[in-house]
$ cat protein21.txt   # compact mmCIF, C-alpha atoms and all ligand atoms
# COMPACT_ATOMS: atom_id res chain seq x y z
CA MET H 1 12.22 -30.98 -19.85
CA ALA H 2 12.62 -28.86 -22.99
CA ILE H 3 11.88 -25.27 -22.03
CA GLU H 4 11.38 -22.57 -24.64
CA TYR H 5 10.89 -18.86 -24.03
CA ARG H 6 8.70 -16.54 -26.06
CA GLU H 7 6.70 -13.30 -25.77
CA TRP H 8 3.43 -13.28 -23.83
CA ARG H 9 0.34 -13.77 -26.02
CA ASP H 10 -3.34 -13.22 -25.38
CA GLY H 11 -4.81 -16.35 -23.83
CA ASP H 12 -1.65 -17.21 -21.87
CA ASP H 13 -3.34 -16.03 -18.68
CA LEU H 14 -6.00 -18.73 -18.94
CA ALA H 15 -3.51 -21.45 -19.89
CA LEU H 16 -1.27 -20.52 -16.94
CA LEU H 17 -4.15 -20.25 -14.49
CA GLU H 18 -5.01 -23.86 -15.29
CA ILE H 19 -1.45 -25.01 -14.53
CA TRP H 20 -0.76 -22.68 -11.59
CA GLY H 21 -4.07 -22.89 -9.73
CA GLY H 22 -4.96 -20.18 -7.21
CA PRO H 23 -2.34 -17.58 -6.16
CA GLU H 24 -0.25 -18.71 -3.17
CA THR H 25 0.36 -15.22 -1.77
CA ALA H 26 -1.31 -11.80 -1.77
CA GLN H 27 1.55 -10.56 -3.94
CA ALA H 28 0.87 -13.27 -6.52
CA ARG H 29 -2.81 -12.25 -6.55
CA GLN H 30 -1.82 -8.63 -7.10
CA PHE H 31 0.89 -9.14 -9.71
CA ARG H 32 -0.62 -11.87 -11.86
CA GLY H 33 -2.75 -9.04 -13.25
CA ALA H 34 0.44 -7.38 -14.56
CA LEU H 35 1.16 -10.33 -16.88
CA ALA H 36 0.01 -8.88 -20.17
CA PRO H 37 1.25 -8.27 -23.73
CA SER H 38 4.49 -6.30 -24.03
CA SER H 39 4.14 -2.61 -24.75
CA ASN H 40 6.56 0.04 -25.97
CA GLY H 41 5.08 2.66 -23.70
CA THR H 42 3.05 4.41 -26.36
CA GLY H 43 -0.66 5.21 -26.42
CA GLY H 44 -0.84 5.77 -22.68
CA MET H 45 0.27 2.18 -21.87
CA PRO H 46 3.30 1.80 -19.60
CA TRP H 47 6.40 0.17 -21.10
CA ARG H 48 6.24 -3.56 -20.39
CA ARG H 49 8.05 -6.76 -21.34
CA CYS H 50 6.36 -10.06 -20.60
CA ILE H 51 7.91 -13.46 -21.33
CA VAL H 52 6.40 -16.95 -21.14
CA ALA H 53 8.25 -20.23 -20.61
CA GLU H 54 6.77 -23.26 -22.34
CA ASP H 55 7.50 -26.88 -21.62
CA VAL H 56 7.61 -28.50 -25.06
CA ILE H 57 6.22 -32.04 -24.98
CA ASP H 58 5.92 -33.98 -28.25
CA GLY H 59 6.33 -30.74 -30.16
CA VAL H 60 3.55 -28.97 -28.26
CA GLY H 61 4.45 -26.07 -26.00
CA ILE H 62 2.57 -25.78 -22.72
CA PRO H 63 2.99 -22.50 -20.80
CA VAL H 64 4.41 -23.23 -17.32
CA ALA H 65 5.96 -19.95 -16.21
CA ALA H 66 5.93 -16.25 -16.94
CA GLY H 67 7.75 -13.10 -15.95
CA VAL H 68 7.06 -9.43 -16.43
CA VAL H 69 8.85 -6.14 -15.95
CA TYR H 70 7.17 -2.77 -16.38
CA GLU H 71 7.42 0.94 -15.77
CA ALA H 72 5.22 2.69 -13.26
CA ALA H 73 4.20 6.35 -13.38
CA LEU H 74 4.01 6.32 -9.58
CA HIS H 75 7.42 5.50 -8.05
CA PRO H 76 9.26 5.84 -11.37
CA GLU H 77 12.78 5.19 -10.03
CA ARG H 78 12.43 1.41 -10.33
CA LEU H 79 10.64 -1.09 -12.56
CA TRP H 80 8.13 -3.53 -11.07
CA SER H 81 8.81 -7.18 -11.80
CA TYR H 82 7.07 -10.46 -11.12
CA ILE H 83 7.90 -14.06 -11.98
CA GLU H 84 5.88 -17.21 -11.38
CA VAL H 85 6.76 -20.81 -12.15
CA ALA H 86 4.40 -23.81 -11.93
CA ARG H 87 5.09 -25.76 -8.73
CA ASP H 88 6.18 -28.94 -10.54
CA HIS H 89 8.69 -26.99 -12.63
CA ARG H 90 10.41 -25.11 -9.80
CA ARG H 91 14.06 -25.31 -8.73
CA ALA H 92 15.11 -26.07 -12.27
CA GLY H 93 16.42 -22.60 -13.08
CA ILE H 94 13.36 -21.36 -15.02
CA GLY H 95 12.79 -18.46 -12.60
CA ALA H 96 16.45 -17.46 -12.79
CA THR H 97 16.41 -17.64 -16.62
CA LEU H 98 13.29 -15.47 -16.81
CA LEU H 99 14.88 -12.96 -14.44
CA ALA H 100 18.04 -12.79 -16.55
CA MET H 101 15.92 -12.19 -19.67
CA LEU H 102 13.86 -9.51 -17.90
CA ARG H 103 17.03 -7.80 -16.70
CA ARG H 104 18.27 -7.69 -20.29
CA GLU H 105 14.99 -6.12 -21.39
CA ALA H 106 15.09 -3.67 -18.46
CA ALA H 107 18.53 -2.49 -19.56
CA ASN H 108 16.79 -1.13 -22.67
CA ALA H 109 13.79 0.47 -20.96
CA PRO H 110 13.13 3.82 -22.66
CA SER H 111 13.19 5.73 -19.36
CA GLY H 112 16.74 4.57 -18.71
CA VAL H 113 15.52 3.11 -15.40
CA ALA H 114 16.74 -0.47 -15.09
CA LYS H 115 16.60 -1.19 -11.36
CA LEU H 116 14.05 -3.89 -10.52
CA ARG H 117 11.75 -4.06 -7.55
CA ALA H 118 9.30 -6.77 -6.45
CA LYS H 119 7.00 -7.66 -3.58
CA VAL H 120 7.40 -10.92 -1.66
CA GLU H 121 6.16 -12.51 1.53
CA PRO H 122 8.87 -13.43 4.05
CA GLY H 123 9.49 -17.16 4.36
CA THR H 124 8.11 -18.05 0.92
CA PRO H 125 9.91 -19.44 -2.16
CA GLY H 126 9.48 -15.98 -3.69
CA ALA H 127 11.47 -14.39 -0.84
CA ALA H 128 14.21 -17.04 -1.07
CA PHE H 129 14.41 -16.59 -4.83
CA ALA H 130 14.61 -12.79 -4.53
CA SER H 131 17.34 -13.03 -1.94
CA ALA H 132 19.33 -15.48 -4.11
CA ALA H 133 18.93 -13.04 -7.01
CA GLY H 134 20.43 -10.19 -4.99
CA LEU H 135 17.17 -8.34 -4.30
CA ALA H 136 17.24 -7.08 -0.71
CA PRO H 137 14.33 -5.66 1.34
CA ILE H 138 13.93 -1.89 1.06
CA GLN H 139 10.64 -1.74 2.97
CA ARG H 140 8.40 -3.90 5.16
CA SER H 141 4.67 -3.35 5.16
CA ARG H 142 2.12 -4.78 7.60
CA LEU H 143 -1.65 -4.71 7.52
CA VAL H 144 -2.78 -4.06 11.09
CA VAL H 145 -6.19 -4.15 12.79
CA VAL H 146 -6.48 -1.92 15.85
CA GLN H 147 -9.14 -3.00 18.32
CA PRO H 148 -11.75 -0.51 19.57
CA GLY H 149 -10.72 1.47 22.63
CA ALA H 150 -7.09 0.33 22.35
CA LEU H 151 -5.83 3.87 22.97
CA LYS H 152 -7.02 6.43 25.52
CA LEU H 153 -8.93 9.35 24.04
CA PRO H 154 -7.09 12.66 24.14
CA VAL H 155 -8.25 15.18 26.71
CA PHE H 156 -9.22 18.45 25.06
CA PRO H 157 -9.19 21.77 26.94
CA ASP H 158 -12.60 22.80 28.34
CA THR H 159 -12.12 26.37 27.22
CA ASP H 160 -11.76 27.51 23.66
CA HIS H 161 -8.82 29.54 22.55
CA GLY H 162 -10.61 32.76 23.42
CA GLY H 163 -10.78 31.46 27.00
CA ARG H 164 -14.54 30.89 26.90
CA PRO H 165 -15.80 27.70 28.54
CA VAL H 166 -17.05 24.97 26.21
CA SER H 167 -19.38 22.23 27.33
CA GLY H 168 -17.98 18.69 27.53
CA GLU H 169 -19.39 17.51 24.23
CA ASN H 170 -17.98 20.53 22.38
CA ALA H 171 -14.50 20.23 23.86
CA GLY H 172 -12.08 19.69 21.02
CA SER H 173 -14.53 20.90 18.39
CA ASP H 174 -12.06 23.52 17.20
CA VAL H 175 -9.33 20.90 16.67
CA VAL H 176 -11.16 17.74 15.51
CA MET H 177 -13.10 18.35 12.32
CA ASP H 178 -14.66 16.53 9.42
CA LEU H 179 -13.25 17.55 6.09
CA ALA H 180 -14.55 16.82 2.59
CA THR H 181 -12.30 14.38 0.75
CA GLY H 182 -12.15 16.93 -2.09
CA SER H 183 -10.58 19.54 0.21
CA VAL H 184 -7.45 21.18 -1.20
CA GLU H 185 -5.99 21.47 2.31
CA LEU H 186 -6.46 17.73 2.92
CA THR H 187 -5.09 16.82 -0.53
CA ASP H 188 -1.99 18.88 0.15
CA VAL H 189 -1.16 17.23 3.48
CA VAL H 190 -1.95 13.71 2.18
CA GLY H 191 0.37 14.24 -0.81
CA ARG H 192 3.20 15.62 1.32
CA TYR H 193 2.84 12.79 3.85
CA TYR H 194 2.85 10.09 1.15
CA THR H 195 5.98 11.60 -0.41
CA ALA H 196 7.72 11.90 2.97
CA ILE H 197 7.12 8.26 3.95
CA HIS H 198 8.42 7.09 0.56
CA SER H 199 11.88 8.62 0.71
CA TRP H 200 13.12 5.03 0.10
CA ASP H 201 11.34 4.85 -3.29
CA SER H 202 10.31 8.31 -4.45
CA PRO H 203 6.83 8.63 -5.93
CA GLY H 204 8.11 11.50 -8.08
CA VAL H 205 6.34 14.85 -8.11
CA LEU H 206 2.69 14.28 -7.22
CA SER H 207 0.13 16.70 -8.63
CA VAL H 208 -3.04 17.58 -6.70
CA GLY H 209 -4.99 15.55 -9.27
CA GLN H 210 -2.79 12.50 -8.76
CA VAL H 211 -3.17 12.62 -4.98
CA GLN H 212 -6.93 12.89 -5.40
CA LYS H 213 -6.96 9.96 -7.80
CA LEU H 214 -4.78 7.78 -5.59
CA PHE H 215 -6.34 8.36 -2.19
CA LEU H 216 -9.34 10.62 -2.14
CA ASP H 217 -11.67 10.44 -5.09
CA GLU H 218 -14.79 8.32 -5.25
CA LEU H 219 -13.14 5.49 -7.18
CA THR H 220 -10.69 4.90 -4.32
CA GLY H 221 -13.67 4.22 -2.05
CA ALA H 222 -12.74 7.22 0.12
CA HIS H 223 -15.73 7.90 2.28
CA GLY H 224 -14.87 10.63 4.66
CA ALA H 225 -11.99 12.32 6.40
CA ILE H 226 -11.34 13.81 9.78
CA VAL H 227 -8.46 16.00 10.74
CA LEU H 228 -6.81 16.97 13.98
CA ARG H 229 -5.82 20.62 13.91
CA ALA H 230 -3.46 22.70 15.97
CA GLN H 231 -5.26 25.05 18.36
CA PRO H 232 -6.29 28.07 16.33
CA GLU H 233 -4.42 31.19 17.30
CA SER H 234 -5.88 34.66 17.32
CA ALA H 235 -3.85 37.40 15.76
CA PHE H 236 -5.05 39.62 18.62
CA GLY H 237 -3.98 37.35 21.48
CA GLN H 238 -5.98 35.53 24.14
CA GLY H 239 -9.55 36.65 24.66
CA VAL H 240 -10.17 37.50 21.01
CA ALA H 241 -11.81 34.77 18.94
CA PRO H 242 -9.42 33.52 16.26
CA SER H 243 -10.68 33.91 12.74
CA LYS H 244 -8.62 31.12 11.19
CA LYS H 245 -8.57 27.39 11.85
CA GLY H 246 -5.34 25.85 13.12
CA ARG H 247 -3.22 23.96 10.61
CA ILE H 248 -3.77 20.22 10.13
CA ARG H 249 -1.55 18.06 12.37
CA ALA H 250 -2.99 14.64 11.53
CA PHE H 251 -5.58 13.21 9.15
CA ALA H 252 -7.56 10.00 8.73
CA VAL H 253 -9.32 9.01 5.52
CA SER H 254 -11.78 6.12 5.73
CA TYR H 255 -12.58 3.82 2.83
CA ALA H 256 -15.67 1.82 2.05
CA ALA H 257 -15.24 -1.92 2.23
CA PRO H 258 -15.24 -3.56 -1.20
CA ALA H 259 -18.57 -5.23 -1.92
CA THR H 260 -18.39 -8.91 -1.00
CA PRO H 261 -21.09 -11.59 -0.84
CA GLU H 262 -20.98 -11.29 2.97
CA ALA H 263 -21.45 -7.52 2.85
CA PRO H 264 -23.70 -6.88 -0.14
CA ASP H 265 -24.51 -3.33 0.95
CA ALA H 266 -20.91 -2.29 1.43
CA GLY H 267 -20.26 1.20 0.18
CA GLU H 268 -23.77 2.49 0.78
CA GLY H 269 -23.65 4.01 4.24
CA PRO H 270 -22.08 7.34 5.14
CA GLY H 271 -19.07 7.63 7.41
CA GLY H 272 -17.35 4.44 6.40
CA GLN H 273 -17.81 2.52 9.58
CA ASP H 274 -21.31 1.38 8.88
CA ALA H 275 -20.41 0.48 5.30
CA ALA H 276 -18.56 -2.71 6.18
CA ALA H 277 -20.09 -5.92 7.54
CA PRO H 278 -20.95 -5.48 11.22
CA GLY H 279 -17.81 -5.68 13.31
CA ALA H 280 -15.53 -5.64 10.26
CA PRO H 281 -12.70 -3.13 10.58
CA THR H 282 -12.87 0.08 8.57
CA ASP H 283 -10.01 0.62 6.18
CA VAL H 284 -8.23 3.86 7.03
CA PHE H 285 -5.25 5.89 5.91
CA VAL H 286 -3.78 7.80 8.84
CA GLY H 287 -0.97 10.31 8.55
CA HIS H 288 0.36 13.64 9.72
CA ASP H 289 1.87 16.84 8.48
CA PRO H 290 5.46 15.74 7.70
CA ALA H 291 6.68 19.17 8.79
CA LEU H 292 5.81 18.36 12.45
CA ALA H 293 8.62 17.51 14.85
CA ALA H 294 8.84 13.76 15.52
CA ASP H 295 7.29 13.97 19.04
CA ASP H 296 4.46 16.18 17.86
CA ALA H 297 3.75 13.89 14.90
CA ALA H 298 3.69 10.82 17.15
CA GLU H 299 1.25 12.51 19.56
CA ALA H 300 -1.00 13.76 16.75
CA VAL H 301 -1.17 10.35 15.09
CA ARG H 302 -1.81 8.56 18.38
CA ASP H 303 -4.64 10.98 19.23
CA MET H 304 -6.13 10.57 15.77
CA LEU H 305 -5.96 6.79 16.04
CA SER H 306 -7.62 6.85 19.46
CA LEU H 307 -10.49 8.89 18.02
CA ILE H 308 -11.14 6.76 14.95
CA ALA H 309 -10.66 3.45 16.78
CA TYR H 310 -12.69 4.54 19.81
CA GLN H 311 -15.70 2.33 19.10
CA HIS H 312 -14.91 0.46 15.90
CA PRO H 313 -11.88 -1.55 14.79
CA VAL H 314 -9.81 0.04 12.05
CA MET H 315 -7.40 -1.52 9.58
CA LEU H 316 -4.34 0.32 8.32
CA GLU H 317 -1.17 -0.27 6.39
CA LEU H 318 1.89 0.19 8.56
CA ASP H 319 5.16 0.63 6.68
CA ASP H 320 8.43 0.65 8.58
CA SER H 321 9.01 4.16 7.22
CA MET H 322 5.94 5.50 9.10
CA SER H 323 7.75 6.34 12.34
CA ALA H 324 4.92 8.24 14.04
CA LEU H 325 2.34 5.55 13.29
CA ARG H 326 4.74 2.83 14.40
CA ALA H 327 5.19 4.59 17.73
CA ALA H 328 1.42 4.39 18.26
CA VAL H 329 0.74 0.93 16.83
CA GLU H 330 3.72 -1.24 17.76
CA PRO H 331 2.99 -1.15 21.53
CA LEU H 332 -0.57 -2.25 20.66
CA LEU H 333 0.75 -5.18 18.62
CA GLU H 334 2.87 -6.15 21.63
CA ASN H 335 0.02 -5.97 24.16
CA GLY H 336 -2.54 -7.68 21.92
CA LYS H 337 -4.74 -4.61 21.30
CA ALA H 338 -3.80 -4.73 17.64
CA ARG H 339 -3.11 -7.69 15.38
CA LEU H 340 -1.71 -8.40 11.95
CA ALA H 341 -4.51 -8.93 9.43
CA ALA H 342 -2.28 -10.63 6.87
CA ALA H 343 1.25 -11.83 6.25
CA GLU H 344 3.93 -9.15 6.00
CA THR H 345 4.99 -7.82 2.61
CA LEU H 346 8.57 -7.00 1.73
CA VAL H 347 9.43 -4.70 -1.13
CA VAL H 348 12.77 -5.98 -2.42
CA SER H 349 15.12 -4.31 -4.84
CA GLU H 350 18.62 -4.54 -6.25
C1 LIG I 401 9.98 -17.62 -6.89
C2 LIG I 401 9.85 -18.58 -8.07
C3 LIG I 401 9.49 -17.78 -9.31
C4 LIG I 401 11.21 -19.27 -8.27
O1 LIG I 401 11.17 -20.00 -9.48
P1 LIG I 401 12.18 -21.23 -9.75
O2 LIG I 401 12.12 -21.56 -11.19
O3 LIG I 401 11.90 -22.31 -8.78
O4 LIG I 401 13.58 -20.56 -9.38
P2 LIG I 401 15.03 -21.11 -9.76
O5 LIG I 401 15.00 -22.59 -9.92
O6 LIG I 401 15.56 -20.34 -10.91
O7 LIG I 401 15.84 -20.74 -8.44
C5 LIG I 401 16.95 -19.88 -8.43
C6 LIG I 401 17.52 -19.83 -7.02
O8 LIG I 401 16.56 -19.18 -6.15
C7 LIG I 401 16.61 -19.80 -4.85
N1 LIG I 401 15.32 -20.45 -4.56
C8 LIG I 401 14.27 -20.58 -5.40
N2 LIG I 401 13.24 -21.20 -4.77
C9 LIG I 401 13.66 -21.47 -3.52
C10 LIG I 401 13.05 -22.09 -2.41
N3 LIG I 401 11.82 -22.60 -2.46
N4 LIG I 401 13.77 -22.20 -1.26
C11 LIG I 401 15.04 -21.72 -1.19
N5 LIG I 401 15.66 -21.12 -2.23
C12 LIG I 401 14.98 -20.99 -3.38
C13 LIG I 401 17.71 -20.84 -4.93
O9 LIG I 401 18.92 -20.21 -4.55
C14 LIG I 401 17.71 -21.18 -6.39
O10 LIG I 401 18.92 -21.73 -6.82
P3 LIG I 401 19.18 -23.32 -6.60
O11 LIG I 401 17.95 -24.06 -7.02
O12 LIG I 401 20.35 -23.58 -7.46
O13 LIG I 401 19.44 -23.51 -5.14
C15 LIG I 401 8.76 -19.65 -7.78
O14 LIG I 401 9.01 -20.25 -6.52
C16 LIG I 401 7.36 -19.08 -7.75
O15 LIG I 401 6.72 -19.04 -8.79
N6 LIG I 401 6.87 -18.62 -6.57
C17 LIG I 401 5.56 -18.02 -6.49
C18 LIG I 401 5.52 -16.63 -7.11
C19 LIG I 401 6.49 -15.68 -6.43
O16 LIG I 401 6.54 -15.56 -5.22
N7 LIG I 401 7.28 -14.97 -7.24
C20 LIG I 401 8.32 -14.10 -6.70
C21 LIG I 401 8.03 -12.70 -6.96
S1 LIG I 401 9.22 -12.04 -8.09

$ encode --input "protein21.txt" --output "C-alpha cells" --more "lines below"
Ligand SMILES: CC(C)(COP(=O)(O)OP(=O)(O)OC[C@H]1O[C@@H](n2cnc3c(N)ncnc32)[C@H](O)[C@@H]1OP(=O)(O)O)[C@@H](O)C(=O)NCCC(=O)NCCS
Amino acid sequence: MAIEYREWRDGDDLALLEIWGGPETAQARQFRGALAPSSNGTGGMPWRRCIVAEDVIDGVGIPVAAGVVYEAALHPERLWSYIEVARDHRRAGIGATLLAMLRREAANAPSGVAKLRAKVEPGTPGAAFASAAGLAPIQRSRLVVVQPGALKLPVFPDTDHGGRPVSGENAGSDVVMDLATGSVELTDVVGRYYTAIHSWDSPGVLSVGQVQKLFLDELTGAHGAIVLRAQPESAFGQGVAPSKKGRIRAFAVSYAAPATPEAPDAGEGPGGQDAAAPGAPTDVFVGHDPALAADDAAEAVRDMLSLIAYQHPVMLELDDSMSALRAAVEPLLENGKARLAAAETLVVSE
C-alpha cells in the first residue's frame, strides 16, 4: 500500500462514497456531510481543514480515507473532527496519520482553539480509535421513546388561586398553557436551559435570535409549545384574582416529523402529534427553568412529560447532563415504559 495525503477536492465525496458504501453509524451519516473543501473562515464559512488519503496503485491515486476538523459557532470551545477509513484499509495507521495531521492543522486554527471533539457510538471501531487516541467521553446522549401513559398525570387543585372552584376540565388551566414558539418568554427559558445543560461544552453566549433559529423557528420543524407555570400569585393575597401568570417551570416544544415516504403528509397537521405517521412518536424538547431547585425541576419535568406523553408516544434526547429529565425517564427505561430508539452517542474529547 502506498498512501498519499492531500487536500480535499470537489468530487472526493462521490469517489469515497463508492469505496465506503453506506454509513455504518448515525455519527458517520451526520459527519460525512462535514467533509468539504478547506476554508480559512472568511466569507461566513467556518474555518475547516479537510484531508484525503489516496491509495496509489500504478500511479493512480484512489481516495480511501478522509478526515476533517472545523470550527463551530455553537459550542466554540472545541473543534469538531471526523475521520473515516475504507474498511479494507483499516488498522494500518491511516486513521492515526490523518488525526496527527488534523491536530497539526488545529494547532493553527485562527480562533486559537485546538481541542478536538468527536461523536462516536460505544462498541464501534470509532469508539476504540478515539479511546486509543486519548479522546475520552465528556457526554453520553440517548434517544428515548416514552410510551403513552407511562407517567401518572399530575393532580391540579380544583380551586383557582383566588379560591374559586374550577370545574374538572379547567383544573390546571392557569398552570398548563400553550405558548407560541415565537414567544420571548419561551425563547428565554429554552436558551437558559440549553446553556445550563451544556456546562461541559459551553455553547457560548446565545442571542435570542440564535435560540429561535436553533430550536423554535419554522425551519427547525417546531410545531407548538406548552409550558407548565408556577401557580400565579396575587399581589393582594388570597381571594383576589392574580393579574400576572406564574413563571414558567417547565416547557415542551414539539417538532414535526421529517417528511418520509411512509409519512408523506408529515408537517401538515397542527399540534405535532398528528403530523407524524400514525403511532409514530412525536419529537419533543423538554426542559425546565434552570433556576429551579433540583427537586422542583424534577417534579416539573415529570409532570410535563406525563402531560405530553399521556396519549401519544414522544421521543426525546436524554443527555447525562439533564438531571431532572433523567430522574423522570430512567425509571421508565428500567420498567420498560420507555425504550432507546437508537444506539447511544458519546461525545469524546481530549
Ligand atoms: C475509526 C477509524 C477511522 C479508524 O481508522 P484506522 O485507519 O483503522 O485506525 P488506525 O489503524 O490508525 O488505528 C489506530 C489505533 O486505534 C485503535 N483502533 C482502531 N480501530 C480499532 C478497532 N476496530 N478495534 C480496536 N481498536 C481499534 C487501535 O489502538 C489502533 O492501533 P493498532 O492498530 O496499532 O492497535 C475507522 O475504523 C473508521 O473509519 N470507522 C468508521 C468511522 C468512525 O467511526 N470514525 C470515528 C469518528 S472520529

$ residues_near_ligand --input "protein21.txt" --ligand "ligand LIG 401 (chain I)" --cutoff "6 Å" --atoms "all atoms listed in the file" --output "MDAnalysis selection string"
chainID H and resid 28 82:85 90:96 118 120 125:126 128:129 132

$ closest_residue --input "protein21.txt" --among "H:Met315, H:Ala65, H:Arg140, H:Ile226" --to "Ile19 of chain H" --atoms "all atoms listed in the file"
H:Ala65

$ residues_near_point --input "protein21.txt" --point "(-5.9, 16.9, 3.3)" --cutoff "10 Å" --atoms "all atoms listed in the file" --output "list in words"
Leu179, Ala180, Thr181, Gly182, Ser183, Val184, Glu185, Leu186, Thr187, Asp188, Val189, Val190, Gly191, Arg192, Tyr193, Val211, Gln212, Leu216, Ala225, Ile226, Val227, Ile248, Ala250, Phe251, Ala252, Val253, Gly287, His288 and Asp289 of chain H

$ atom_distance --input "protein21.txt" --atom1 "atom CA of Thr42 of chain H" --atom2 "atom CA of Thr220 of chain H"
26.0 Å

$ residues_around --input "protein21.txt" --residues "Leu332 of chain H" --least-positions-apart "2" --cutoff "12 Å" --atoms "all atoms listed in the file" --output "PyMOL selection string"
chain H and resi 144-152+302+305-306+325-330+334-340

$ atom_distance --input "protein21.txt" --atom1 "atom CA of Ile3 of chain H" --atom2 "atom CA of Trp20 of chain H"
16.6 Å

$ atom_distance --input "protein21.txt" --atom1 "atom CA of Val52 of chain H" --atom2 "atom CA of Gly11 of chain H"
11.5 Å

$ closest_residue --input "protein21.txt" --among "H:Ile51, H:Ala136, H:Ala114, H:Ala36" --to "Glu71 of chain H" --atoms "only C-alpha atoms"
H:Ala114

$ closest_residue --input "protein21.txt" --among "H:Ala66, H:Lys115, H:Arg29, H:Leu79" --to "Thr97 of chain H" --atoms "all atoms listed in the file"
H:Ala66

$ residues_near_point --input "protein21.txt" --point "(8.6, -13.3, 0.7)" --cutoff "10 Å" --atoms "all atoms listed in the file" --output "MDAnalysis selection string"
chainID H and resid 25 27 118:131 137 343:348

$ axis_aligned_box --input "protein21.txt" --around "segment 193-208 of chain H" --padding-each-side "8 Å" --output "AutoDock Vina command-line options"
--center_x 5.0 --center_y 11.2 --center_z -2.3 --size_x 32.2 --size_y 28.7 --size_z 28.6

$ residues_around --input "protein21.txt" --residues "Val64 of chain H" --least-positions-apart "6" --cutoff "7 Å" --atoms "all atoms listed in the file" --output "PyMOL selection string"
chain H and resi 16+19+53-55+85-86

$ write_last_selection --input "protein21.txt" --atoms "C-alpha atoms" --output "mmCIF file, in the coordinates of the input"
data_model
loop_
_atom_site.group_PDB
_atom_site.id
_atom_site.type_symbol
_atom_site.label_atom_id
_atom_site.label_comp_id
_atom_site.auth_asym_id
_atom_site.auth_seq_id
_atom_site.Cartn_x
_atom_site.Cartn_y
_atom_site.Cartn_z
ATOM 1 C CA LEU H 16 -1.270 -20.520 -16.940
ATOM 2 C CA ILE H 19 -1.450 -25.010 -14.530
ATOM 3 C CA ALA H 53 8.250 -20.230 -20.610
ATOM 4 C CA GLU H 54 6.770 -23.260 -22.340
ATOM 5 C CA ASP H 55 7.500 -26.880 -21.620
ATOM 6 C CA VAL H 85 6.760 -20.810 -12.150
ATOM 7 C CA ALA H 86 4.400 -23.810 -11.930
#

$ closest_residue --input "protein21.txt" --among "H:Ala300, H:Ser81, H:Gln139, H:Glu350" --to "His198 of chain H" --atoms "all atoms listed in the file"
H:Gln139

$ decode --input "protein21.txt" --residues "segment 284-297 of chain H" --atoms "N, CA and C atoms" --output "mmCIF file, in the first residue's frame"
data_model
loop_
_atom_site.group_PDB
_atom_site.id
_atom_site.type_symbol
_atom_site.label_atom_id
_atom_site.label_comp_id
_atom_site.auth_asym_id
_atom_site.auth_seq_id
_atom_site.Cartn_x
_atom_site.Cartn_y
_atom_site.Cartn_z
ATOM 1 N N VAL H 284 -39.836 15.683 20.741
ATOM 2 C CA VAL H 284 -40.049 16.802 21.657
ATOM 3 C C VAL H 284 -38.735 17.224 22.324
ATOM 4 N N PHE H 285 -38.713 18.468 22.727
ATOM 5 C CA PHE H 285 -37.604 19.003 23.523
ATOM 6 C C PHE H 285 -38.220 19.466 24.842
ATOM 7 N N VAL H 286 -37.858 18.778 25.909
ATOM 8 C CA VAL H 286 -38.452 19.069 27.221
ATOM 9 C C VAL H 286 -37.368 19.629 28.134
ATOM 10 N N GLY H 287 -37.692 20.691 28.833
ATOM 11 C CA GLY H 287 -36.715 21.252 29.762
ATOM 12 C C GLY H 287 -37.400 22.048 30.853
ATOM 13 N N HIS H 288 -36.603 22.714 31.655
ATOM 14 C CA HIS H 288 -37.157 23.446 32.795
ATOM 15 C C HIS H 288 -36.358 24.724 33.020
ATOM 16 N N ASP H 289 -36.906 25.579 33.845
ATOM 17 C CA ASP H 289 -36.161 26.773 34.233
ATOM 18 C C ASP H 289 -34.956 26.303 35.052
ATOM 19 N N PRO H 290 -33.731 26.587 34.587
ATOM 20 C CA PRO H 290 -32.554 26.084 35.318
ATOM 21 C C PRO H 290 -32.395 26.714 36.695
ATOM 22 N N ALA H 291 -33.171 27.778 36.959
ATOM 23 C CA ALA H 291 -33.066 28.414 38.277
ATOM 24 C C ALA H 291 -33.844 27.622 39.338
ATOM 25 N N LEU H 292 -34.669 26.646 38.933
ATOM 26 C CA LEU H 292 -35.444 25.877 39.912
ATOM 27 C C LEU H 292 -34.507 25.010 40.756
ATOM 28 N N ALA H 293 -34.919 24.747 41.995
ATOM 29 C CA ALA H 293 -34.182 23.798 42.824
ATOM 30 C C ALA H 293 -34.324 22.414 42.187
ATOM 31 N N ALA H 294 -33.354 21.530 42.445
ATOM 32 C CA ALA H 294 -33.318 20.230 41.769
ATOM 33 C C ALA H 294 -34.637 19.458 41.908
ATOM 34 N N ASP H 295 -35.215 19.420 43.118
ATOM 35 C CA ASP H 295 -36.459 18.661 43.356
ATOM 36 C C ASP H 295 -37.607 19.245 42.550
ATOM 37 N N ASP H 296 -37.678 20.562 42.564
ATOM 38 C CA ASP H 296 -38.745 21.270 41.863
ATOM 39 C C ASP H 296 -38.627 21.030 40.357
ATOM 40 N N ALA H 297 -37.392 21.089 39.857
ATOM 41 C CA ALA H 297 -37.159 20.868 38.428
ATOM 42 C C ALA H 297 -37.566 19.452 38.043
#
